[in-house]
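Raw contents of final.txt, compact mmCIF, C-alpha atoms and all ligand atoms:
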```
# COMPACT_ATOMS: atom_id res chain seq x y z
CA MET A 139 -16.97 16.30 1.15
CA SER A 140 -19.52 19.06 0.70
CA ASP A 141 -18.55 22.44 -0.63
CA GLY A 142 -19.51 25.40 1.50
CA ILE A 143 -20.15 28.01 -1.13
CA GLU A 144 -21.75 27.31 -4.48
CA GLY A 145 -19.54 28.30 -7.43
CA ARG A 146 -20.90 30.67 -10.04
CA PRO A 147 -21.28 28.92 -13.38
CA GLU A 148 -18.38 29.74 -15.65
CA PRO A 149 -18.12 28.97 -19.34
CA ASP A 150 -16.46 25.60 -19.91
CA ASP A 151 -13.62 26.88 -22.07
CA ALA A 152 -12.54 29.33 -19.37
CA ARG A 153 -12.46 26.44 -16.91
CA GLN A 154 -10.64 24.28 -19.42
CA GLN A 155 -8.00 26.99 -19.82
CA CYS A 156 -7.61 27.32 -16.08
CA PHE A 157 -7.28 23.51 -15.79
CA GLU A 158 -4.61 23.36 -18.48
CA SER A 159 -2.64 26.26 -17.08
CA ARG A 160 -2.58 24.46 -13.74
CA LEU A 161 -1.17 21.36 -15.42
CA ASP A 162 1.43 23.51 -17.17
CA ARG A 163 2.49 25.08 -13.89
CA ALA A 164 2.72 21.59 -12.32
CA LEU A 165 -0.04 22.47 -9.84
CA LYS A 166 -2.11 19.57 -8.54
CA ILE A 167 -5.77 19.06 -9.32
CA GLU A 168 -7.82 18.37 -6.19
CA PRO A 169 -11.24 16.68 -5.91
CA PRO A 170 -13.49 19.77 -5.79
CA ASP A 171 -11.64 21.50 -8.67
CA TRP A 172 -13.22 21.66 -12.08
CA MET A 173 -11.78 19.06 -14.45
CA PRO A 174 -12.74 17.87 -17.96
CA ASP A 175 -15.07 14.88 -17.97
CA ALA A 176 -12.60 12.79 -19.93
CA TYR A 177 -9.87 13.44 -17.33
CA ARG A 178 -12.24 12.39 -14.55
CA LYS A 179 -13.30 9.28 -16.45
CA THR A 180 -9.81 8.20 -17.40
CA LEU A 181 -8.52 8.72 -13.86
CA THR A 182 -11.46 6.86 -12.35
CA ARG A 183 -10.73 3.96 -14.67
CA GLN A 184 -6.99 4.00 -14.01
CA ILE A 185 -7.17 4.38 -10.22
CA SER A 186 -9.94 1.81 -9.76
CA GLN A 187 -8.09 -0.69 -11.97
CA HIS A 188 -5.07 -0.09 -9.84
CA ALA A 189 -7.13 -0.66 -6.68
CA HIS A 190 -8.61 -3.87 -8.08
CA SER A 191 -5.08 -5.07 -8.90
CA GLU A 192 -4.00 -4.61 -5.29
CA ILE A 193 -6.99 -6.55 -4.00
CA VAL A 194 -6.90 -9.37 -6.57
CA GLY A 195 -3.12 -9.41 -6.10
CA MET A 196 -3.64 -10.68 -2.55
CA LEU A 197 -4.97 -13.98 -3.89
CA PRO A 198 -1.90 -15.62 -5.51
CA GLU A 199 0.25 -14.89 -2.45
CA GLY A 200 -2.52 -15.53 0.06
CA ASN A 201 -2.48 -19.03 -1.39
CA TRP A 202 0.85 -19.63 0.42
CA ILE A 203 0.22 -18.05 3.82
CA THR A 204 -0.78 -21.32 5.48
CA ARG A 205 2.09 -23.18 3.81
CA ALA A 206 4.96 -20.75 4.31
CA PRO A 207 8.11 -22.74 5.16
CA SER A 208 8.62 -21.11 8.59
CA LEU A 209 6.80 -18.95 11.10
CA HIS A 210 9.18 -16.11 10.23
CA ARG A 211 8.29 -16.28 6.51
CA LYS A 212 4.62 -16.60 7.37
CA LEU A 213 4.65 -13.40 9.45
CA ILE A 214 6.39 -11.52 6.65
CA LEU A 215 3.98 -12.78 4.00
CA LEU A 216 0.97 -11.94 6.18
CA ALA A 217 2.27 -8.39 6.62
CA LYS A 218 2.91 -8.08 2.89
CA VAL A 219 -0.55 -9.28 1.90
CA GLN A 220 -2.10 -6.99 4.52
CA ASP A 221 -0.19 -4.09 2.96
CA GLU A 222 -1.73 -4.94 -0.42
CA ALA A 223 -5.20 -4.72 1.15
CA GLY A 224 -4.19 -1.31 2.46
CA HIS A 225 -3.01 -0.23 -0.99
CA GLY A 226 -6.35 -1.26 -2.43
CA LEU A 227 -8.16 0.82 0.17
CA TYR A 228 -6.00 3.93 -0.28
CA LEU A 229 -6.68 3.72 -4.00
CA TYR A 230 -10.42 3.12 -3.71
CA SER A 231 -10.55 6.28 -1.57
CA ALA A 232 -8.65 8.21 -4.22
CA ALA A 233 -10.97 6.89 -6.93
CA GLU A 234 -14.06 7.73 -4.87
CA SER A 235 -12.90 11.33 -4.55
CA LEU A 236 -13.66 11.62 -8.28
CA GLY A 237 -17.32 10.95 -7.59
CA THR A 238 -17.95 7.23 -8.10
CA PRO A 239 -18.89 5.37 -4.90
CA ARG A 240 -16.69 2.41 -3.94
CA ASP A 241 -19.54 -0.09 -4.10
CA GLU A 242 -20.03 0.81 -7.74
CA LEU A 243 -16.34 0.32 -8.53
CA VAL A 244 -16.32 -3.04 -6.78
CA ALA A 245 -19.52 -4.09 -8.54
CA ALA A 246 -17.87 -3.36 -11.90
CA LEU A 247 -14.98 -5.64 -10.95
CA HIS A 248 -17.34 -8.41 -9.87
CA ALA A 249 -19.36 -8.10 -13.06
CA GLY A 250 -16.17 -8.60 -15.08
CA LYS A 251 -16.45 -5.08 -16.50
CA ALA A 252 -13.35 -3.65 -14.84
CA LYS A 253 -9.81 -4.78 -15.45
CA TYR A 254 -6.99 -5.53 -13.05
CA SER A 255 -3.34 -6.28 -13.72
CA SER A 256 -3.24 -9.51 -15.72
CA ILE A 257 -0.14 -10.74 -13.89
CA PHE A 258 -2.43 -11.96 -11.12
CA ASN A 259 -4.09 -14.41 -13.48
CA TYR A 260 -1.03 -16.68 -13.27
CA PRO A 261 -0.91 -19.42 -10.62
CA THR A 262 1.53 -19.66 -7.68
CA LEU A 263 2.66 -23.26 -7.96
CA THR A 264 5.57 -23.35 -5.51
CA TRP A 265 6.98 -21.35 -2.61
CA ALA A 266 9.55 -19.86 -4.98
CA ASP A 267 6.69 -18.13 -6.78
CA VAL A 268 6.15 -16.02 -3.66
CA GLY A 269 9.78 -14.95 -3.94
CA ALA A 270 9.50 -14.28 -7.67
CA ILE A 271 6.36 -12.19 -7.19
CA GLY A 272 7.94 -10.00 -4.54
CA TRP A 273 11.14 -9.57 -6.51
CA LEU A 274 9.71 -9.17 -10.03
CA VAL A 275 6.05 -8.17 -9.74
CA ASP A 276 6.48 -5.77 -6.82
CA GLY A 277 9.72 -4.63 -8.45
CA ALA A 278 7.84 -3.80 -11.64
CA ALA A 279 5.04 -2.18 -9.63
CA ILE A 280 7.56 0.13 -7.94
CA ILE A 281 8.90 1.30 -11.30
CA ASN A 282 5.34 1.93 -12.46
CA GLN A 283 4.30 3.69 -9.28
CA ILE A 284 7.19 5.97 -8.36
CA PRO A 285 6.45 8.44 -11.20
CA ILE A 286 2.76 8.48 -10.22
CA THR A 287 3.74 10.10 -6.89
CA ARG A 288 4.21 13.20 -9.10
CA CYS A 289 1.01 12.83 -11.14
CA SER A 290 -1.38 15.73 -11.55
CA TYR A 291 -4.21 14.40 -9.37
CA GLY A 292 -3.54 15.14 -5.69
CA PRO A 293 -5.30 12.20 -3.97
CA TYR A 294 -3.75 9.68 -6.38
CA ALA A 295 -0.28 11.15 -5.93
CA ARG A 296 -0.61 11.10 -2.14
CA ALA A 297 -1.89 7.51 -2.07
CA MET A 298 1.06 6.55 -4.22
CA VAL A 299 3.55 8.11 -1.81
CA ARG A 300 2.26 5.86 0.98
CA ILE A 301 2.24 2.83 -1.31
CA CYS A 302 5.77 3.35 -2.59
CA LYS A 303 7.09 3.59 0.96
CA GLU A 304 5.68 0.14 1.65
CA GLU A 305 6.59 -1.49 -1.64
CA SER A 306 10.34 -1.64 -1.15
CA PHE A 307 9.81 -4.02 1.77
CA HIS A 308 7.78 -6.21 -0.59
CA GLN A 309 10.49 -6.34 -3.20
CA ARG A 310 13.25 -7.01 -0.72
CA GLN A 311 11.44 -9.84 1.04
CA GLY A 312 10.85 -11.44 -2.37
CA PHE A 313 14.49 -11.09 -3.35
CA ASP A 314 15.44 -12.51 0.05
CA ILE A 315 13.36 -15.64 -0.64
CA MET A 316 15.00 -16.01 -4.06
CA TRP A 317 18.46 -15.49 -2.56
CA THR A 318 17.86 -18.14 0.08
CA LEU A 319 16.59 -20.65 -2.46
CA ALA A 320 19.37 -19.84 -4.91
CA HIS A 321 21.91 -20.61 -2.18
CA GLY A 322 20.08 -23.76 -1.06
CA THR A 323 20.06 -27.36 -2.23
CA PRO A 324 20.01 -28.18 -5.97
CA PRO A 325 16.24 -28.80 -5.91
CA GLN A 326 15.74 -25.43 -4.18
CA ARG A 327 17.85 -23.70 -6.85
CA ALA A 328 15.85 -25.45 -9.52
CA MET A 329 12.66 -24.24 -7.89
CA ALA A 330 13.92 -20.65 -7.94
CA GLN A 331 14.92 -20.99 -11.61
CA ASP A 332 11.54 -22.48 -12.50
CA ALA A 333 9.74 -19.57 -10.81
CA LEU A 334 11.87 -17.06 -12.74
CA ASP A 335 11.14 -18.96 -15.96
CA ARG A 336 7.40 -18.63 -15.44
CA TRP A 337 7.24 -15.07 -14.02
CA TRP A 338 9.78 -13.26 -16.22
CA TRP A 339 7.70 -12.66 -19.33
CA PRO A 340 4.43 -11.85 -17.54
CA SER A 341 6.43 -9.30 -15.48
CA VAL A 342 7.86 -7.75 -18.65
CA MET A 343 4.29 -7.51 -19.96
CA MET A 344 3.09 -5.75 -16.79
CA PHE A 345 4.02 -2.39 -18.29
CA GLY A 346 1.37 -2.82 -20.95
CA PRO A 347 1.50 -3.01 -24.74
CA PRO A 348 4.38 -1.41 -26.67
CA ASP A 349 4.09 2.35 -27.15
CA ALA A 350 3.18 1.98 -30.82
CA ALA A 351 0.10 -0.07 -29.86
CA SER A 352 -0.90 1.70 -26.63
CA VAL A 353 -4.25 3.47 -26.77
CA HIS A 354 -3.97 5.64 -23.68
CA ASN A 355 -0.35 6.75 -23.71
CA GLU A 356 -0.44 10.14 -25.37
CA GLN A 357 -3.44 11.77 -23.72
CA SER A 358 -2.39 10.44 -20.30
CA LEU A 359 1.09 11.88 -20.75
CA ARG A 360 -0.42 15.26 -21.58
CA TRP A 361 -2.63 15.09 -18.48
CA LYS A 362 0.34 14.08 -16.36
CA ILE A 363 -1.37 11.01 -15.02
CA LYS A 364 1.34 9.04 -16.75
CA LEU A 365 4.88 10.42 -16.82
CA PHE A 366 6.77 7.82 -18.81
CA THR A 367 5.68 5.56 -21.64
CA ASN A 368 5.17 1.81 -21.26
CA ASP A 369 8.38 1.05 -23.13
CA GLU A 370 10.46 3.49 -21.10
CA LEU A 371 9.29 1.94 -17.84
CA ARG A 372 9.77 -1.59 -19.19
CA GLN A 373 13.36 -0.78 -20.18
CA LYS A 374 14.04 0.53 -16.70
CA PHE A 375 12.75 -2.71 -15.22
CA ILE A 376 14.88 -4.85 -17.50
CA ASP A 377 18.02 -2.80 -16.88
CA GLN A 378 17.62 -3.03 -13.15
CA THR A 379 16.53 -6.68 -12.96
CA VAL A 380 19.03 -8.44 -15.23
CA PRO A 381 22.04 -7.71 -12.98
CA GLN A 382 20.00 -8.86 -9.96
CA ALA A 383 19.32 -12.19 -11.71
CA GLU A 384 23.04 -12.46 -12.38
CA ARG A 385 23.79 -11.97 -8.70
CA LEU A 386 21.32 -14.76 -7.96
CA ARG A 387 23.13 -16.81 -10.64
CA LEU A 388 19.76 -17.56 -12.21
CA THR A 389 19.14 -17.45 -15.94
CA ILE A 390 16.58 -15.11 -17.51
CA PRO A 391 14.54 -17.21 -19.94
CA ASP A 392 15.41 -15.19 -23.03
CA PRO A 393 18.16 -16.53 -25.33
CA GLN A 394 18.21 -13.20 -27.20
CA LEU A 395 18.82 -11.07 -24.12
CA ARG A 396 21.98 -9.00 -24.60
CA TRP A 397 23.74 -5.90 -23.39
CA ASN A 398 24.01 -3.12 -25.95
CA GLU A 399 27.25 -1.26 -25.29
CA GLU A 400 26.19 1.61 -27.50
CA THR A 401 22.83 2.40 -25.91
CA GLN A 402 23.95 1.19 -22.46
CA HIS A 403 20.75 -0.82 -22.20
CA TYR A 404 19.77 -4.47 -22.27
CA GLU A 405 17.84 -5.69 -25.29
CA ILE A 406 15.30 -8.47 -25.04
CA GLY A 407 13.85 -10.92 -27.54
CA PRO A 408 10.30 -10.63 -28.92
CA VAL A 409 7.46 -10.51 -26.40
CA ASP A 410 4.49 -12.81 -26.97
CA TRP A 411 1.85 -10.08 -27.04
CA ASP A 412 -0.78 -12.59 -28.15
CA GLU A 413 -0.46 -14.20 -24.75
CA PHE A 414 -0.83 -10.79 -23.11
CA TYR A 415 -4.05 -9.99 -24.98
CA ARG A 416 -5.37 -13.49 -24.32
CA VAL A 417 -4.89 -13.10 -20.55
CA VAL A 418 -6.22 -9.52 -20.51
CA GLY A 419 -9.20 -10.75 -22.50
CA GLY A 420 -10.09 -13.26 -19.78
CA ASP A 421 -8.36 -16.41 -20.95
CA GLY A 422 -5.40 -16.63 -18.61
CA PRO A 423 -4.76 -19.67 -16.43
CA CYS A 424 -6.59 -18.25 -13.37
CA ASN A 425 -8.95 -15.46 -14.57
CA ARG A 426 -12.15 -17.26 -13.62
CA GLU A 427 -10.75 -18.52 -10.33
CA ARG A 428 -9.57 -15.06 -9.25
CA LEU A 429 -12.84 -13.35 -10.05
CA SER A 430 -14.97 -15.99 -8.39
CA ALA A 431 -12.76 -15.84 -5.28
CA ARG A 432 -13.46 -12.09 -5.07
CA VAL A 433 -17.18 -12.49 -5.64
CA ASP A 434 -17.40 -15.29 -3.03
CA ALA A 435 -15.49 -13.19 -0.49
CA TRP A 436 -17.89 -10.28 -1.10
CA ASN A 437 -20.98 -12.46 -0.79
CA ASP A 438 -19.69 -14.38 2.24
CA GLY A 439 -18.95 -11.09 3.98
CA ALA A 440 -22.40 -9.62 3.35
CA TRP A 441 -23.78 -10.61 6.76
CA VAL A 442 -20.83 -8.92 8.50
CA ARG A 443 -21.36 -5.66 6.62
CA ASP A 444 -25.09 -5.77 7.29
CA ALA A 445 -24.68 -6.63 10.98
CA ALA A 446 -22.20 -3.78 11.49
CA ALA A 447 -24.52 -1.31 9.75
CA GLU A 448 -27.47 -2.51 11.82
CA HIS A 449 -25.47 -2.26 15.05
CA ALA A 450 -24.47 1.30 14.19
CA ARG A 451 -28.10 2.20 13.44
CA LYS A 452 -29.28 0.78 16.78
CA ARG A 453 -26.57 2.58 18.72
CA ALA A 454 -27.36 5.86 16.98
CA GLY A 455 -31.04 5.32 17.81
CA SER A 456 -30.46 4.62 21.50
CA GLU A 457 -28.16 7.65 21.81
CA ALA A 458 -30.81 9.89 20.27
CA ALA A 459 -33.51 8.54 22.62
CA MET B 137 -29.44 -4.99 1.76
CA LYS B 138 -27.18 -2.21 0.62
CA ASN B 139 -23.92 -1.68 2.45
CA ASP B 140 -24.38 1.88 3.66
CA TRP B 141 -21.28 2.44 5.74
CA PRO B 142 -20.55 6.16 5.70
CA GLN B 143 -17.20 7.65 4.72
CA TRP B 144 -14.83 9.09 7.32
CA GLU B 145 -11.85 11.43 7.00
CA ILE B 146 -8.84 10.29 8.98
CA PHE B 147 -6.37 12.55 10.84
CA VAL B 148 -3.24 11.15 12.47
CA ARG B 149 -0.92 12.76 15.03
CA SER B 150 2.47 11.25 14.24
CA GLU B 151 4.05 12.15 17.57
CA ALA B 152 3.19 14.06 20.73
CA GLY B 153 3.65 17.77 20.13
CA LEU B 154 2.63 17.69 16.46
CA ALA B 155 -0.78 18.52 15.01
CA HIS B 156 -3.12 15.89 13.56
CA LYS B 157 -2.75 15.68 9.80
CA HIS B 158 -5.21 14.45 7.20
CA VAL B 159 -4.00 11.11 5.80
CA GLY B 160 -6.98 9.82 3.80
CA SER B 161 -10.42 8.36 4.22
CA LEU B 162 -12.22 5.06 4.72
CA HIS B 163 -15.66 3.53 5.14
CA ALA B 164 -16.90 2.31 8.52
CA ALA B 165 -20.24 1.62 10.15
CA ASP B 166 -19.55 3.76 13.23
CA GLU B 167 -16.83 5.78 14.90
CA ARG B 168 -15.35 2.84 16.78
CA MET B 169 -14.93 0.82 13.63
CA ALA B 170 -13.58 3.91 11.89
CA LEU B 171 -10.91 4.30 14.59
CA GLU B 172 -9.91 0.64 14.51
CA SER B 173 -9.82 0.50 10.72
CA ALA B 174 -7.85 3.76 10.63
CA ARG B 175 -5.29 2.18 12.97
CA ASP B 176 -4.98 -0.89 10.71
CA LEU B 177 -4.94 1.14 7.53
CA TYR B 178 -2.86 4.20 8.36
CA THR B 179 -0.59 3.27 11.29
CA ARG B 180 0.80 -0.19 10.47
CA ARG B 181 4.34 1.13 10.89
CA ASN B 182 4.15 3.32 13.99
CA GLU B 183 2.95 6.34 12.06
CA GLY B 184 0.71 7.57 14.83
CA VAL B 185 0.09 8.15 18.52
CA SER B 186 -3.42 9.56 18.14
CA ILE B 187 -6.19 9.38 15.54
CA TRP B 188 -9.21 11.59 14.83
CA VAL B 189 -12.05 10.40 12.62
CA VAL B 190 -14.64 12.80 11.19
CA ARG B 191 -17.62 11.93 9.03
CA SER B 192 -16.78 13.23 5.55
CA GLU B 193 -20.14 14.98 5.26
CA HIS B 194 -19.27 17.07 8.34
CA VAL B 195 -16.31 18.69 6.62
CA HIS B 196 -17.13 22.02 5.02
CA ALA B 197 -14.65 23.43 2.55
CA THR B 198 -14.06 26.61 0.60
CA ASP B 199 -15.13 26.57 -3.03
CA PRO B 200 -12.09 26.32 -5.33
CA ALA B 201 -13.96 28.28 -8.02
CA GLN B 202 -14.00 31.24 -5.63
CA SER B 203 -10.55 30.85 -4.11
CA GLU B 204 -9.24 34.00 -5.71
CA GLU B 205 -11.87 36.35 -4.22
CA PHE B 206 -11.96 34.42 -0.98
CA PHE B 207 -8.25 34.68 -0.22
CA GLU B 208 -7.68 38.02 -1.96
CA PRO B 209 -7.94 40.21 1.18
CA SER B 210 -4.60 38.96 2.51
CA GLU B 211 -2.75 39.42 -0.76
CA ASP B 212 -2.00 43.16 -0.72
CA LYS B 213 -0.96 43.46 2.90
CA ALA B 214 2.76 43.13 2.64
CA TYR B 215 3.11 45.23 5.81
CA ARG B 216 2.03 42.16 7.80
CA HIS B 217 5.39 40.60 7.10
CA PRO B 218 8.59 41.66 8.87
CA THR B 219 10.45 41.74 5.55
CA PHE B 220 8.33 44.80 4.58
CA TYR B 221 10.32 47.01 6.94
CA HIS B 222 13.69 48.56 6.37
CA VAL B 223 16.10 47.95 9.21
CA PRO B 224 18.64 50.81 9.49
CA GLU B 225 22.24 49.71 9.44
CA GLY B 226 23.70 48.84 12.80
CA VAL B 227 20.34 48.26 14.53
CA LYS B 228 20.37 44.87 16.23
CA HIS B 229 17.85 42.46 17.79
CA LEU B 230 15.00 43.72 15.63
FE FE C 1 0.77 -2.92 -3.60
FE FE C 2 3.37 -4.82 -3.10
```
Take the structure in the file and give it back as structure tokens.
Amino acid sequence: MSDGIEGRPEPDDARQQCFESRLDRALKIEPPDWMPDAYRKTLTRQISQHAHSEIVGMLPEGNWITRAPSLHRKLILLAKVQDEAGHGLYLYSAAESLGTPRDELVAALHAGKAKYSSIFNYPTLTWADVGAIGWLVDGAAIINQIPITRCSYGPYARAMVRICKEESFHQRQGFDIMWTLAHGTPPQRAMAQDALDRWWWPSVMMFGPPDAASVHNEQSLRWKIKLFTNDELRQKFIDQTVPQAERLRLTIPDPQLRWNEETQHYEIGPVDWDEFYRVVGGDGPCNRERLSARVDAWNDGAWVRDAAAEHARKRAGSEAA
Amino acid sequence: MKNDWPQWEIFVRSEAGLAHKHVGSLHAADERMALESARDLYTRRNEGVSIWVVRSEHVHATDPAQSEEFFEPSEDKAYRHPTFYHVPEGVKHL
């Protein structure tokens, strides 16, 4: 958007003060407002990573669309994956409002320079994995995303409101798949248990490294683009998910998991953070496959983008004539 | 060739009788594609009965750095609000 009237230059510290007082008063920052460069940069990184996660996240589930066990399940999964595309687009728009064009953000992903949630670097081996993703991964995403609806940057907060409205359908359809399998034949139960075994720890890791080791926590909390720490969000996820697993009569793959009567929280065993850093660093089971699928989709779609642009140019030309 | 689809701002009327409201933006080659993509992106759950699309560059906005001066003229005119006036006791329908 273009601004009508040019602002008079103001000294940076006056603007900085104004910015901070807005944060203190819980006022939102909007795209044309002055903001510190570091805030803009951090937000651009965070929102575009989030957008990339939505788009790459379509791949593991998209893998099962043609093999869904019924037409009913297929329709649901199609709608879910389409929602994720939508989430990616809302978020790219929000990121673009900070000044970086979408093509540049996408190019960074394709060049391997931008990150996305490492959970999507795990394979979907069986139909139960589609259930486990909806239940656990979308469940974790909801816990991560609900606080962001109150973050300090207006376009990000608004995108998140739309996304959160759609996410609870994702989680419920996943739980519904798990429920059906858990109440099915012994092999179906075993399939559900196997999916939980493989997706539990990567889901726990989705909240990022422990607070003591997290680089971005403190500044982001001060800027109100993060409202709870990684460990707080992770605890929330564990507390809400363990009883759900019990209802499914499935076993969480953690022999040290226990309820602490004193703190009124569940406690988990040690997390294999080496695995987390390995997958983030590019060495997960599907990193290369996911990235090349995105790059191929972009390249294969080039003629469509070009043809549409050319068609629009011709139409504009003939209207002008 | 570079993908030079322009950006569009999307406004959705959620039901007849209500105003169109800004919901977000998207990229599209022309207005028809913008309308169809806006339908797929912003009204997947019956959120709209009408959509407007406007090229982002055609939106002109006030400058936030000058908001204070720009909106100041309406600030000290309390007499424009009914609550400014004292209503004597017993006077009705005012
Ligand atoms: Fe999503
Ligand atoms: Fe989702």
Let me have all residues with an atom within 7 Å of ligand FE 2 (chain C), counting only C-alpha atoms and all ligand atoms, laid out as a PDB file with C-alpha atoms, in the coordinates of the input.
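Result file pocket-v1.pdb:
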```
ATOM      1  CA  LYS A 218       2.910  -8.080   2.890  1.00  0.00           C
ATOM      2  CA  GLU A 222      -1.730  -4.940  -0.420  1.00  0.00           C
ATOM      3  CA  ASP A 276       6.480  -5.770  -6.820  1.00  0.00           C
ATOM      4  CA  GLU A 305       6.590  -1.490  -1.640  1.00  0.00           C
ATOM      5  CA  HIS A 308       7.780  -6.210  -0.590  1.00  0.00           C
TER       6      HIS A 308
END
```
| message | Residues contacting ligand FE 1 (chain C) - anything with an atom at most 12 Å away, using all atoms listed in the file - can you give me those as a VMD selection string? | response | chain A and resid 188 to 196 217 to 229 255 271 to 272 275 to 284 297 to 309
Taking C-alpha atoms for each residue, export the selection above as a short mmCIF file (atom, residue, chain, number, x, y, z; two decimals), keeping the file's coordinate frame.
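Here's the written file selection23.cif:
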```
data_model
loop_
_atom_site.label_atom_id
_atom_site.label_comp_id
_atom_site.auth_asym_id
_atom_site.auth_seq_id
_atom_site.Cartn_x
_atom_site.Cartn_y
_atom_site.Cartn_z
CA HIS A 188 -5.07 -0.09 -9.84
CA ALA A 189 -7.13 -0.66 -6.68
CA HIS A 190 -8.61 -3.87 -8.08
CA SER A 191 -5.08 -5.07 -8.90
CA GLU A 192 -4.00 -4.61 -5.29
CA ILE A 193 -6.99 -6.55 -4.00
CA VAL A 194 -6.90 -9.37 -6.57
CA GLY A 195 -3.12 -9.41 -6.10
CA MET A 196 -3.64 -10.68 -2.55
CA ALA A 217 2.27 -8.39 6.62
CA LYS A 218 2.91 -8.08 2.89
CA VAL A 219 -0.55 -9.28 1.90
CA GLN A 220 -2.10 -6.99 4.52
CA ASP A 221 -0.19 -4.09 2.96
CA GLU A 222 -1.73 -4.94 -0.42
CA ALA A 223 -5.20 -4.72 1.15
CA GLY A 224 -4.19 -1.31 2.46
CA HIS A 225 -3.01 -0.23 -0.99
CA GLY A 226 -6.35 -1.26 -2.43
CA LEU A 227 -8.16 0.82 0.17
CA TYR A 228 -6.00 3.93 -0.28
CA LEU A 229 -6.68 3.72 -4.00
CA SER A 255 -3.34 -6.28 -13.72
CA ILE A 271 6.36 -12.19 -7.19
CA GLY A 272 7.94 -10.00 -4.54
CA VAL A 275 6.05 -8.17 -9.74
CA ASP A 276 6.48 -5.77 -6.82
CA GLY A 277 9.72 -4.63 -8.45
CA ALA A 278 7.84 -3.80 -11.64
CA ALA A 279 5.04 -2.18 -9.63
CA ILE A 280 7.56 0.13 -7.94
CA ILE A 281 8.90 1.30 -11.30
CA ASN A 282 5.34 1.93 -12.46
CA GLN A 283 4.30 3.69 -9.28
CA ILE A 284 7.19 5.97 -8.36
CA ALA A 297 -1.89 7.51 -2.07
CA MET A 298 1.06 6.55 -4.22
CA VAL A 299 3.55 8.11 -1.81
CA ARG A 300 2.26 5.86 0.98
CA ILE A 301 2.24 2.83 -1.31
CA CYS A 302 5.77 3.35 -2.59
CA LYS A 303 7.09 3.59 0.96
CA GLU A 304 5.68 0.14 1.65
CA GLU A 305 6.59 -1.49 -1.64
CA SER A 306 10.34 -1.64 -1.15
CA PHE A 307 9.81 -4.02 1.77
CA HIS A 308 7.78 -6.21 -0.59
CA GLN A 309 10.49 -6.34 -3.20
#
```
| task | Name the residues in contact with Phe157 of chain A at a cut-off of 12 Å, using only C-alpha atoms, excluding same-chain residues fewer than 3 positions from it; report them as a list in words. | result |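 In the requested format, the answer is Asp150, Asp151, Ala152, Arg153, Gln154, Arg160, Leu161, Asp162, Arg163, Ala164, Leu165, Lys166, Ile167, Glu168, Asp171, Trp172, Met173, Pro174, Asp175, Tyr177, Ser290, Tyr291 and Trp361 of chain A; Pro200 and Ala201 of chain B.
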| Got a sec to pull out which chain B residues are within 8 Å of chain A, counting only C-alpha atoms, and send them as JSON, numbers by chain? | {"B": [137, 138, 139, 140, 141, 160, 161, 162, 165, 166, 177, 192, 193, 194, 195, 196, 197, 198, 199, 200, 201, 202]}
| task | Extract, using all atoms listed in the file, all DNA, RNA and protein residues at most 10 Å from segment 400-406 of chain A, discarding same-chain residues fewer than 2 positions from it, and format them as JSON, numbers by chain. | result | {"A": [342, 373, 374, 376, 377, 378, 380, 392, 393, 394, 395, 396, 397, 398, 408, 409]}
Produce a file of the selected residues containing C-alpha atoms, as an mmCIF file, in the coordinates of the input.
```
data_model
loop_
_atom_site.group_PDB
_atom_site.id
_atom_site.type_symbol
_atom_site.label_atom_id
_atom_site.label_comp_id
_atom_site.auth_asym_id
_atom_site.auth_seq_id
_atom_site.Cartn_x
_atom_site.Cartn_y
_atom_site.Cartn_z
ATOM 1 C CA VAL A 342 7.860 -7.750 -18.650
ATOM 2 C CA GLN A 373 13.360 -0.780 -20.180
ATOM 3 C CA LYS A 374 14.040 0.530 -16.700
ATOM 4 C CA ILE A 376 14.880 -4.850 -17.500
ATOM 5 C CA ASP A 377 18.020 -2.800 -16.880
ATOM 6 C CA GLN A 378 17.620 -3.030 -13.150
ATOM 7 C CA VAL A 380 19.030 -8.440 -15.230
ATOM 8 C CA ASP A 392 15.410 -15.190 -23.030
ATOM 9 C CA PRO A 393 18.160 -16.530 -25.330
ATOM 10 C CA GLN A 394 18.210 -13.200 -27.200
ATOM 11 C CA LEU A 395 18.820 -11.070 -24.120
ATOM 12 C CA ARG A 396 21.980 -9.000 -24.600
ATOM 13 C CA TRP A 397 23.740 -5.900 -23.390
ATOM 14 C CA ASN A 398 24.010 -3.120 -25.950
ATOM 15 C CA PRO A 408 10.300 -10.630 -28.920
ATOM 16 C CA VAL A 409 7.460 -10.510 -26.400
#
```
| field | Residue nearest Trp339 of chain A among A:Gly292, A:Gly312, A:Pro324, A:Gly407 (counting only C-alpha atoms) | value |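 For Trp339 of chain A, the nearest of the given residues is A:Gly407.
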| remark: What separates atom CA of Ala270 of chain A and atom CA of Ala333 of chain A is a distance of 6.2 Å
| request: Provide the atom CA of Pro261 of chain A to atom CA of Gly200 of chain A distance in Å, to one decimal place. | output: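 One can read the atom CA of Pro261 of chain A to atom CA of Gly200 of chain A distance as 11.5 Å.
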| task | State, in Å with one decimal place, the distance from atom CA of Trp436 of chain A to atom CA of Leu197 of chain A. | result |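 For atom CA of Trp436 of chain A relative to atom CA of Leu197 of chain A, the distance reads 13.7 Å.
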Using only C-alpha atoms, I'd like a table of the residues in segment 229-281 of chain A that come within 12 Å of segment 410-415 of chain A; for each, show the closest atom pair and its distance in Å rounded to one decimal, ordered by chain and ascending number, as JSON lines.
```
{"residue": "A:Ser255", "atom": "CA", "partner": "A:Phe414", "partner_atom": "CA", "distance": 10.7}
{"residue": "A:Ser256", "atom": "CA", "partner": "A:Phe414", "partner_atom": "CA", "distance": 7.9}
{"residue": "A:Ile257", "atom": "CA", "partner": "A:Phe414", "partner_atom": "CA", "distance": 9.2}
{"residue": "A:Asn259", "atom": "CA", "partner": "A:Phe414", "partner_atom": "CA", "distance": 10.8}
{"residue": "A:Tyr260", "atom": "CA", "partner": "A:Phe414", "partner_atom": "CA", "distance": 11.5}
```
